[in-house]
Amino acid sequence: MQYKMLVTDFDNTLLRTDHTILDKTWKAIKEFERRGGKFVICTGRMLSTILVTVKPFDLHGEIIAFQGGVVADLDTGDILLKKYVNPDDALSLLKDLEAAGYYIQIYSNGDYFVNRYTKRTQRYYEANAHLMPIVIGENVSEYVQKNNLKLDKIVFGLDDDGLVTYDEVQPVMTAFDKKYGGRLVFNSSNTLLIEAVSAGCTKGEAVEFVANRHGIAREEVICMGDALNDASMIEWAGLGVAVENATDDLKALADEITVSCDDDAVGYILNKYCL
């Protein structure tokens, strides 16, 4: 078997836009595992919510959450890798976001907090196992400092409704990249939320960690995704695949562009290269 490990983003890659996963996709995954392949989900979602979502599918081994900030063992519940946002950079960024009036979501050890409940919050609630946020008001930086929160990830939106365009999001990411000089990594998902994590805390590095645990070479790994927050693992993989519904900037980095998430992209790639 040329490719021994397949890693996929969850939303809009493995998960279809109607929030389902086809039975034939799971059959392909299980056949890949039966033949000795390793299947891994790598998502920006919280660990607690992705665990609830995938529980019915009898997955084993590692799962990657918080955009590479945590790697957990599905069988034992053990946390294998955990990285937080640098506290000084987190406070500085939160103050910048407050000054701009942006919508803010922060994550800390199983809970997530928002500065205000918006349409974005409602969509997140519906997509993530109906997990309720803690609404803390506009002074997020003060709340974090007062409660000594260690942050898994900082997420923000330029508006409350998700009506901005990708062309509006890109220059904001570029400006923050420049200001934080590589100490923080900024990227975006297809929901047009901007995500910030510390440098050294990316999907690519988490995938490398899992591959090394199993003695799997980079050339033996396929990674699949749909948005810029998948770029690090797409570039690291032996075969980086963007789904047809991916953003143009991710497609430009991929080795291959496949069918859309609604057309069984993960199953298609498994059948093409692994089965």
# chains A, B, ... in the order shown; residues from 1 in each chain; ligands from 1

$ residues_around --residues "Asn109 of chain A" --least-positions-apart "5" --cutoff "8 Å" --atoms "only C-alpha atoms" --output "ChimeraX atom specification"
/A:150-152

$ residues_around --residues "segment 141-145 of chain A" --least-positions-apart "3" --cutoff "6 Å" --atoms "only C-alpha atoms" --output "MDAnalysis selection string"
chainID A and resid 91 94 148:149

$ residues_around --residues "Leu81 of chain A" --least-positions-apart "6" --cutoff "12 Å" --atoms "only C-alpha atoms" --output "PyMOL selection string"
chain A and resi 62-66+68-73+152+201-202+205-210+213

$ write_last_selection --atoms "N, CA and C atoms" --output "JSON list (two decimals), in the first residue's frame"
[["chain", "number", "residue", "atom", "x", "y", "z"],
["A", 62, "GLU", "N", -5.94, 8.09, 16.92],
["A", 62, "GLU", "CA", -5.85, 9.51, 17.26],
["A", 62, "GLU", "C", -6.90, 10.35, 16.53],
["A", 63, "ILE", "N", -7.24, 11.47, 17.16],
["A", 63, "ILE", "CA", -8.04, 12.50, 16.52],
["A", 63, "ILE", "C", -7.38, 13.84, 16.84],
["A", 64, "ILE", "N", -7.38, 14.74, 15.88],
["A", 64, "ILE", "CA", -6.73, 16.04, 16.03],
["A", 64, "ILE", "C", -7.81, 17.11, 16.06],
["A", 65, "ALA", "N", -7.76, 17.98, 17.07],
["A", 65, "ALA", "CA", -8.75, 19.05, 17.22],
["A", 65, "ALA", "C", -8.05, 20.39, 17.41],
["A", 66, "PHE", "N", -8.85, 21.44, 17.53],
["A", 66, "PHE", "CA", -8.32, 22.79, 17.75],
["A", 66, "PHE", "C", -7.24, 23.16, 16.73],
["A", 68, "GLY", "N", -4.93, 21.52, 15.36],
["A", 68, "GLY", "CA", -3.60, 20.99, 15.66],
["A", 68, "GLY", "C", -3.16, 21.26, 17.09],
["A", 69, "GLY", "N", -4.00, 21.96, 17.85],
["A", 69, "GLY", "CA", -3.63, 22.29, 19.23],
["A", 69, "GLY", "C", -3.71, 21.13, 20.19],
["A", 70, "VAL", "N", -4.47, 20.10, 19.83],
["A", 70, "VAL", "CA", -4.58, 18.93, 20.70],
["A", 70, "VAL", "C", -4.69, 17.67, 19.85],
["A", 71, "VAL", "N", -3.99, 16.64, 20.29],
["A", 71, "VAL", "CA", -4.12, 15.29, 19.72],
["A", 71, "VAL", "C", -4.56, 14.39, 20.86],
["A", 72, "ALA", "N", -5.66, 13.66, 20.63],
["A", 72, "ALA", "CA", -6.19, 12.78, 21.67],
["A", 72, "ALA", "C", -6.30, 11.36, 21.14],
["A", 73, "ASP", "N", -6.31, 10.41, 22.07],
["A", 73, "ASP", "CA", -6.48, 9.00, 21.74],
["A", 73, "ASP", "C", -7.96, 8.65, 21.92],
["A", 152, "ASP", "N", -6.92, 27.65, 24.01],
["A", 152, "ASP", "CA", -6.60, 26.68, 22.96],
["A", 152, "ASP", "C", -6.55, 27.36, 21.60],
["A", 201, "CYS", "N", 1.75, 25.44, 16.26],
["A", 201, "CYS", "CA", 0.50, 24.77, 16.61],
["A", 201, "CYS", "C", -0.38, 24.77, 15.38],
["A", 202, "THR", "N", -0.08, 23.89, 14.43],
["A", 202, "THR", "CA", -0.83, 23.83, 13.18],
["A", 202, "THR", "C", -1.26, 22.40, 12.89],
["A", 205, "GLU", "N", 1.76, 20.21, 11.74],
["A", 205, "GLU", "CA", 2.64, 19.69, 12.80],
["A", 205, "GLU", "C", 1.97, 18.59, 13.60],
["A", 206, "ALA", "N", 0.66, 18.70, 13.80],
["A", 206, "ALA", "CA", -0.06, 17.64, 14.51],
["A", 206, "ALA", "C", -0.10, 16.35, 13.69],
["A", 207, "VAL", "N", -0.30, 16.48, 12.37],
["A", 207, "VAL", "CA", -0.30, 15.30, 11.51],
["A", 207, "VAL", "C", 1.08, 14.63, 11.52],
["A", 208, "GLU", "N", 2.12, 15.44, 11.47],
["A", 208, "GLU", "CA", 3.48, 14.89, 11.54],
["A", 208, "GLU", "C", 3.70, 14.13, 12.85],
["A", 209, "PHE", "N", 3.19, 14.69, 13.95],
["A", 209, "PHE", "CA", 3.29, 14.03, 15.25],
["A", 209, "PHE", "C", 2.64, 12.65, 15.22],
["A", 210, "VAL", "N", 1.44, 12.56, 14.66],
["A", 210, "VAL", "CA", 0.72, 11.28, 14.61],
["A", 210, "VAL", "C", 1.45, 10.30, 13.69],
["A", 213, "ARG", "N", 4.43, 8.81, 15.38],
["A", 213, "ARG", "CA", 4.07, 7.83, 16.41],
["A", 213, "ARG", "C", 3.93, 6.43, 15.83]]

$ closest_atom_pairs --of "segment 114-214 of chain A" --to "segment 46-54 of chain A" --cutoff "10 Å" --atoms "only C-alpha atoms" --output "JSON lines"
{"residue": "A:Ala127", "atom": "CA", "partner": "A:Thr49", "partner_atom": "CA", "distance": 9.2}
{"residue": "A:Asn128", "atom": "CA", "partner": "A:Thr49", "partner_atom": "CA", "distance": 5.6}
{"residue": "A:Ala129", "atom": "CA", "partner": "A:Thr49", "partner_atom": "CA", "distance": 6.0}
{"residue": "A:His130", "atom": "CA", "partner": "A:Thr49", "partner_atom": "CA", "distance": 8.7}
{"residue": "A:Leu131", "atom": "CA", "partner": "A:Thr49", "partner_atom": "CA", "distance": 7.5}
{"residue": "A:Asp152", "atom": "CA", "partner": "A:Met46", "partner_atom": "CA", "distance": 8.9}
{"residue": "A:Lys153", "atom": "CA", "partner": "A:Met46", "partner_atom": "CA", "distance": 9.2}

$ residues_around --residues "Asp161 of chain A" --least-positions-apart "4" --cutoff "7 Å" --atoms "only C-alpha atoms" --output "PyMOL selection string"
chain A and resi 118-120

$ write_last_selection --atoms "N, CA, C and O atoms" --output "PDB file, in the first residue's frame"
ATOM      1  N   THR A 118     -24.547  35.940  18.598  1.00  0.00           N
ATOM      2  CA  THR A 118     -24.883  36.459  17.274  1.00  0.00           C
ATOM      3  C   THR A 118     -25.399  35.326  16.382  1.00  0.00           C
ATOM      4  O   THR A 118     -25.497  34.172  16.815  1.00  0.00           O
ATOM      5  N   LYS A 119     -25.688  35.655  15.133  1.00  0.00           N
ATOM      6  CA  LYS A 119     -26.076  34.624  14.172  1.00  0.00           C
ATOM      7  C   LYS A 119     -24.949  33.615  13.976  1.00  0.00           C
ATOM      8  O   LYS A 119     -25.182  32.426  13.779  1.00  0.00           O
ATOM      9  N   ARG A 120     -23.706  34.098  14.028  1.00  0.00           N
ATOM     10  CA  ARG A 120     -22.557  33.186  13.939  1.00  0.00           C
ATOM     11  C   ARG A 120     -22.590  32.185  15.100  1.00  0.00           C
ATOM     12  O   ARG A 120     -22.323  30.995  14.918  1.00  0.00           O
TER      13      ARG A 120
END

$ select_by_dssp --residues "segment 66-259 of chain A" --states "helix (DSSP H, G or I)" --output "PyMOL selection string"
chain A and resi 66-68+87-100+119-127+140-147+166-179+203-213+218-220+228-236+248-253
